[in-house]
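Right, one structure below, let's go through it.
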Amino acid sequence: MELRQLRYFIAVAQTLNFSEAARRLFITQGTLSQQILQLEDELGSRLFDRSSHSVVLTEAGMELLPLAQKTIQDSEICISHLVDLRKLLAGTLSIGLTQTFRQLFTESLNSFTQLYPGVKLKIYYKTSVELYAMLRKREVDFVLAYKPAQYYDYVESDILFSSKLQAIMRKDHPLAEKKEVELADLQKYGIVLPGSGLQARKAFEKFLNVNTSGLNVRMELNDPNIILDILQRSHFVSVLSSLAVHYRANLVAVPIKDIDRELEGCVHWLKGIPRKRSAEAFLSLLKDSAQVHRIMLDI
């Protein structure tokens with residue numbers, strides 16, 4: 001049984017159409033049919049029930065499909081690992097990150113592209129839940145996001161830095177001169193809350209016991225960078241990671257009394273999978289970046 005035959009089988013199983021599968025594979029339908037027949041002969045089982053109107057997976061075909069997909073994925077990982085062992089930093093590096101990490105990510109991104117021009121980068125900005133799902137399916141090599149409240153048994157995390165959950169506002173806001181603010185102070189002003197899927201929102205709701213009814217919530221947004229844009233142009237207040245103000249000169253972060261939630265910025269890996277040399281090289285640049293050093297010194 002050849003990997004090529006497994007790829008052909010997967011294509012037919014996904015399309016349930018020999019003509020369409022042949023077009024996707026850039027081979028003739030006759031060649032495809034012949035390869036599938038050879039695979040069936042070798043396995044001693046029919047993989048498809050064929051008629052003039054339809055193609056349907058047999059029970060054996062349904063059993064083989066996930067095994068074939070995993071075999072192809074494992075072979076691609078093996079090839080990538082062998083390339084890395086030869087110290088050929090090439091190929092593709094796929095990185096997932098939440099919007100909060102966008103500014104922190106930029107400096108290392110620029111350095112990496114200059115040092116390793118042979119590596120093609122694919123960058124995905126999504127919620128942490130979406131990114132963990134992509135990581136599980138091996139669609140990204142690693143994820144940059146805060147440590148999740150939920151436990152994922154297939155993820156292992158390395159902490160890059162820790163930050164505090166604080167009130168964020170403009171420097172000329174009436175609360176900006178306070179050493180710390182209380183919940184009663186926040187209730188006097190319009191609040192822009194991070195969306196329910198963000199770690200800052202989850203940590204804040206935990207502090208409030210999931211009760212935000214006493215706040216004057218004017219907006220909820222899933223993009224922290226848009227929240228910061230709004231704060232720069234208004235007297236609204238938000239509750240975000242203290243590191244948010246590192247990139248906004250006219251914003252300040254003020255501690256909230258009785259709230260001491262740590263938000264741990266992490267790189268998340270898929271357990272049990274060899275790490276690409278290109279991924280390790282990128283993380284080395286990120287850990288050494290001036291931006292990470294500034295965050296660690298200030299917190």
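In the structure tokens, the first chain shown is A, the next is B, and so on; residue numbers restart at 1 for each chain, and ligands run from 1 in the order shown.
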
Could I get the residues of stretch 184-295 of chain A with an atom no further than 6 Å from an atom of stretch 133-143 of chain A, each paired with its nearest atom pair and that distance in Å to one decimal, using only C-alpha atoms, sorted by chain and residue number, as a Markdown table?
| residue | atom | partner | partner_atom | distance |
| --- | --- | --- | --- | --- |
| A:Val267 | CA | A:Val143 | CA | 5.6 |
| A:His268 | CA | A:Val143 | CA | 5.0 |
| A:Trp269 | CA | A:Phe142 | CA | 5.1 |

Among the residues of stretch 70-268 of chain A, find those DSSP assigns to strand (DSSP E) from the backbone and print them as a VMD selection string.
chain A and resid 91 to 97 119 to 125 142 to 146 155 to 170 190 to 194 216 to 221 237 to 241 251 to 254 262 to 268

Contacts of A:Ala11 at 9 Å (only C-alpha atoms; same-chain gap of 3+ positions) as a ChimeraX atom specification:
/A:6-8,14-18,20-22,24-25

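Excluding A:Lys147 itself and any same-chain residue fewer than 2 positions from it, the protein and nucleic acid residues within 7 Å of it, counting only C-alpha atoms, are A:Ala145, A:Ala149, A:Glu264, A:Gly265, A:Cys266.
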
Using C-alpha atoms, can you write the selected residues to a file as a PDB file, in the first residue's frame?
ATOM      1  CA  ALA A 145      -2.758  33.278  23.549  1.00  0.00           C
ATOM      2  CA  ALA A 149      -9.432  28.733  31.975  1.00  0.00           C
ATOM      3  CA  GLU A 264      -0.475  34.424  31.616  1.00  0.00           C
ATOM      4  CA  GLY A 265       0.656  34.958  28.034  1.00  0.00           C
ATOM      5  CA  CYS A 266       1.699  31.581  26.634  1.00  0.00           C
TER       6      CYS A 266
END

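With only C-alpha atoms taken into account, the protein and nucleic acid residues at most 7 Å from stretch 222-232 of chain A (excluding it and anything under 4 positions from it in its own chain) are Gln99, Thr100, Met169, Arg170, Val192, Pro194, Gly195, Leu198, Phe236, Val237, Asn250 and Leu251 of chain A.
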
One-decimal distance in Å that lies between atom CA of A:Gly190 and atom CA of A:Lys126:
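Atom-to-atom, atom CA of A:Lys126 to atom CA of A:Gly190, that is 26.9 Å.
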
Report as a PyMOL selection string: the residues of stretch 77-210 of chain A with a DSSP assignment of helix (DSSP H, G or I), based on the backbone of this structure.
chain A and resi 77-85+99-115+128-136+183-186+199-207

What gap, in Å, lies between atom CA of A:Cys78 and atom CA of A:Glu63?
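It comes out at 23.5 Å.
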
What's the 12 Å shell around A:Asp74, counting only C-alpha atoms, without same-chain residues fewer than 3 positions away, as a ChimeraX atom specification?
/A:3,67-71,77-81,137-138,272-274

Based on the selection just made, write N, CA, C and O atoms of those residues as a PDB file, in the first residue's frame.
ATOM      1  N   LEU A   3       1.507   5.553  -0.105  1.00  0.00           N
ATOM      2  CA  LEU A   3       0.908   6.804   0.350  1.00  0.00           C
ATOM      3  C   LEU A   3       0.090   7.449  -0.766  1.00  0.00           C
ATOM      4  O   LEU A   3      -0.962   8.042  -0.512  1.00  0.00           O
ATOM      5  N   LEU A  67      -8.003   6.501   9.429  1.00  0.00           N
ATOM      6  CA  LEU A  67      -6.652   5.930   9.524  1.00  0.00           C
ATOM      7  C   LEU A  67      -5.777   6.441   8.382  1.00  0.00           C
ATOM      8  O   LEU A  67      -4.591   6.754   8.579  1.00  0.00           O
ATOM      9  N   ALA A  68      -6.356   6.529   7.196  1.00  0.00           N
ATOM     10  CA  ALA A  68      -5.605   7.042   6.043  1.00  0.00           C
ATOM     11  C   ALA A  68      -5.237   8.503   6.240  1.00  0.00           C
ATOM     12  O   ALA A  68      -4.109   8.923   5.944  1.00  0.00           O
ATOM     13  N   GLN A  69      -6.171   9.293   6.744  1.00  0.00           N
ATOM     14  CA  GLN A  69      -5.900  10.716   6.981  1.00  0.00           C
ATOM     15  C   GLN A  69      -4.791  10.898   8.001  1.00  0.00           C
ATOM     16  O   GLN A  69      -3.907  11.744   7.831  1.00  0.00           O
ATOM     17  N   LYS A  70      -4.821  10.102   9.073  1.00  0.00           N
ATOM     18  CA  LYS A  70      -3.770  10.208  10.091  1.00  0.00           C
ATOM     19  C   LYS A  70      -2.423   9.760   9.533  1.00  0.00           C
ATOM     20  O   LYS A  70      -1.378  10.355   9.842  1.00  0.00           O
ATOM     21  N   THR A  71      -2.426   8.727   8.692  1.00  0.00           N
ATOM     22  CA  THR A  71      -1.180   8.261   8.080  1.00  0.00           C
ATOM     23  C   THR A  71      -0.553   9.351   7.214  1.00  0.00           C
ATOM     24  O   THR A  71       0.663   9.580   7.266  1.00  0.00           O
ATOM     25  N   ILE A  77       4.400  15.190   8.823  1.00  0.00           N
ATOM     26  CA  ILE A  77       5.164  15.612  10.001  1.00  0.00           C
ATOM     27  C   ILE A  77       6.563  15.010   9.971  1.00  0.00           C
ATOM     28  O   ILE A  77       7.560  15.669  10.282  1.00  0.00           O
ATOM     29  N   CYS A  78       6.646  13.739   9.593  1.00  0.00           N
ATOM     30  CA  CYS A  78       7.942  13.061   9.519  1.00  0.00           C
ATOM     31  C   CYS A  78       8.864  13.738   8.515  1.00  0.00           C
ATOM     32  O   CYS A  78      10.035  13.988   8.796  1.00  0.00           O
ATOM     33  N   ILE A  79       8.328  14.053   7.346  1.00  0.00           N
ATOM     34  CA  ILE A  79       9.133  14.722   6.315  1.00  0.00           C
ATOM     35  C   ILE A  79       9.614  16.072   6.807  1.00  0.00           C
ATOM     36  O   ILE A  79      10.783  16.441   6.636  1.00  0.00           O
ATOM     37  N   SER A  80       8.691  16.831   7.436  1.00  0.00           N
ATOM     38  CA  SER A  80       9.053  18.148   7.954  1.00  0.00           C
ATOM     39  C   SER A  80      10.144  18.030   9.011  1.00  0.00           C
ATOM     40  O   SER A  80      11.084  18.823   9.047  1.00  0.00           O
ATOM     41  N   HIS A  81      10.027  17.012   9.867  1.00  0.00           N
ATOM     42  CA  HIS A  81      11.017  16.818  10.925  1.00  0.00           C
ATOM     43  C   HIS A  81      12.374  16.449  10.334  1.00  0.00           C
ATOM     44  O   HIS A  81      13.421  16.923  10.801  1.00  0.00           O
ATOM     45  N   LYS A 137      -6.122  20.010  14.986  1.00  0.00           N
ATOM     46  CA  LYS A 137      -6.160  19.465  13.628  1.00  0.00           C
ATOM     47  C   LYS A 137      -4.846  19.693  12.889  1.00  0.00           C
ATOM     48  O   LYS A 137      -4.742  19.413  11.706  1.00  0.00           O
ATOM     49  N   ARG A 138      -3.841  20.246  13.613  1.00  0.00           N
ATOM     50  CA  ARG A 138      -2.506  20.489  13.055  1.00  0.00           C
ATOM     51  C   ARG A 138      -2.529  21.493  11.909  1.00  0.00           C
ATOM     52  O   ARG A 138      -1.713  21.439  10.994  1.00  0.00           O
ATOM     53  N   GLY A 272       2.959  15.803  22.112  1.00  0.00           N
ATOM     54  CA  GLY A 272       3.408  14.600  21.433  1.00  0.00           C
ATOM     55  C   GLY A 272       3.832  14.781  20.001  1.00  0.00           C
ATOM     56  O   GLY A 272       4.120  13.798  19.308  1.00  0.00           O
ATOM     57  N   ILE A 273       3.890  16.022  19.514  1.00  0.00           N
ATOM     58  CA  ILE A 273       4.271  16.281  18.124  1.00  0.00           C
ATOM     59  C   ILE A 273       5.627  16.977  18.096  1.00  0.00           C
ATOM     60  O   ILE A 273       5.832  17.957  18.811  1.00  0.00           O
ATOM     61  N   PRO A 274       6.577  16.482  17.289  1.00  0.00           N
ATOM     62  CA  PRO A 274       7.875  17.155  17.196  1.00  0.00           C
ATOM     63  C   PRO A 274       7.712  18.602  16.749  1.00  0.00           C
ATOM     64  O   PRO A 274       6.898  18.912  15.878  1.00  0.00           O
TER      65      PRO A 274
END

Pick out the residues sitting within 12 Å of A:Ile191, and hand them over as a ChimeraX atom specification; count only C-alpha atoms, and ignore anything fewer than 6 positions along from it in its own chain.
/A:167-169,183,185,212-221,227,230-231,234-240

Counting only C-alpha atoms, which residue out of A:Leu93, A:Leu131, A:Val181, A:Leu175 sits closest to A:Arg275?
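Among A:Leu93, A:Leu131, A:Val181, A:Leu175, it is A:Leu93 that comes nearest to A:Arg275.
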
Which residue of A:Leu243, A:Ile36, A:Leu286, A:Ile95 approaches A:Ser111 most closely, using only C-alpha atoms
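That would be A:Leu286, the residue with the smallest distance to A:Ser111.
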
Counting only C-alpha atoms, figure out which residue out of A:Ala13, A:Ile123, A:Leu285, A:Leu263 gets nearest to A:Val56.
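The answer is A:Ala13, which sits nearest to A:Val56.
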
Nearest residue to A:Phe282 out of A:Val254, A:Leu115, A:Ser196, A:Lys206, using only C-alpha atoms?
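Using only C-alpha atoms, the shortest distance to A:Phe282 belongs to A:Leu115.
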
With distances taken over only C-alpha atoms, which of A:Leu186, A:Ile10, A:Leu109, A:Val252 is nearest to A:Leu65?
A:Ile10

Which distance in Å separates atom CA of A:Ser94 and atom CA of A:Ser75, to one decimal?
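Going from atom CA of A:Ser94 over to atom CA of A:Ser75 covers 17.7 Å.
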
Residue nearest A:Tyr189 - candidates A:Pro174, A:Ser128, A:Leu64, A:Gly118, atoms counted: only C-alpha atoms
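Among the listed residues, A:Pro174 lies closest to A:Tyr189.
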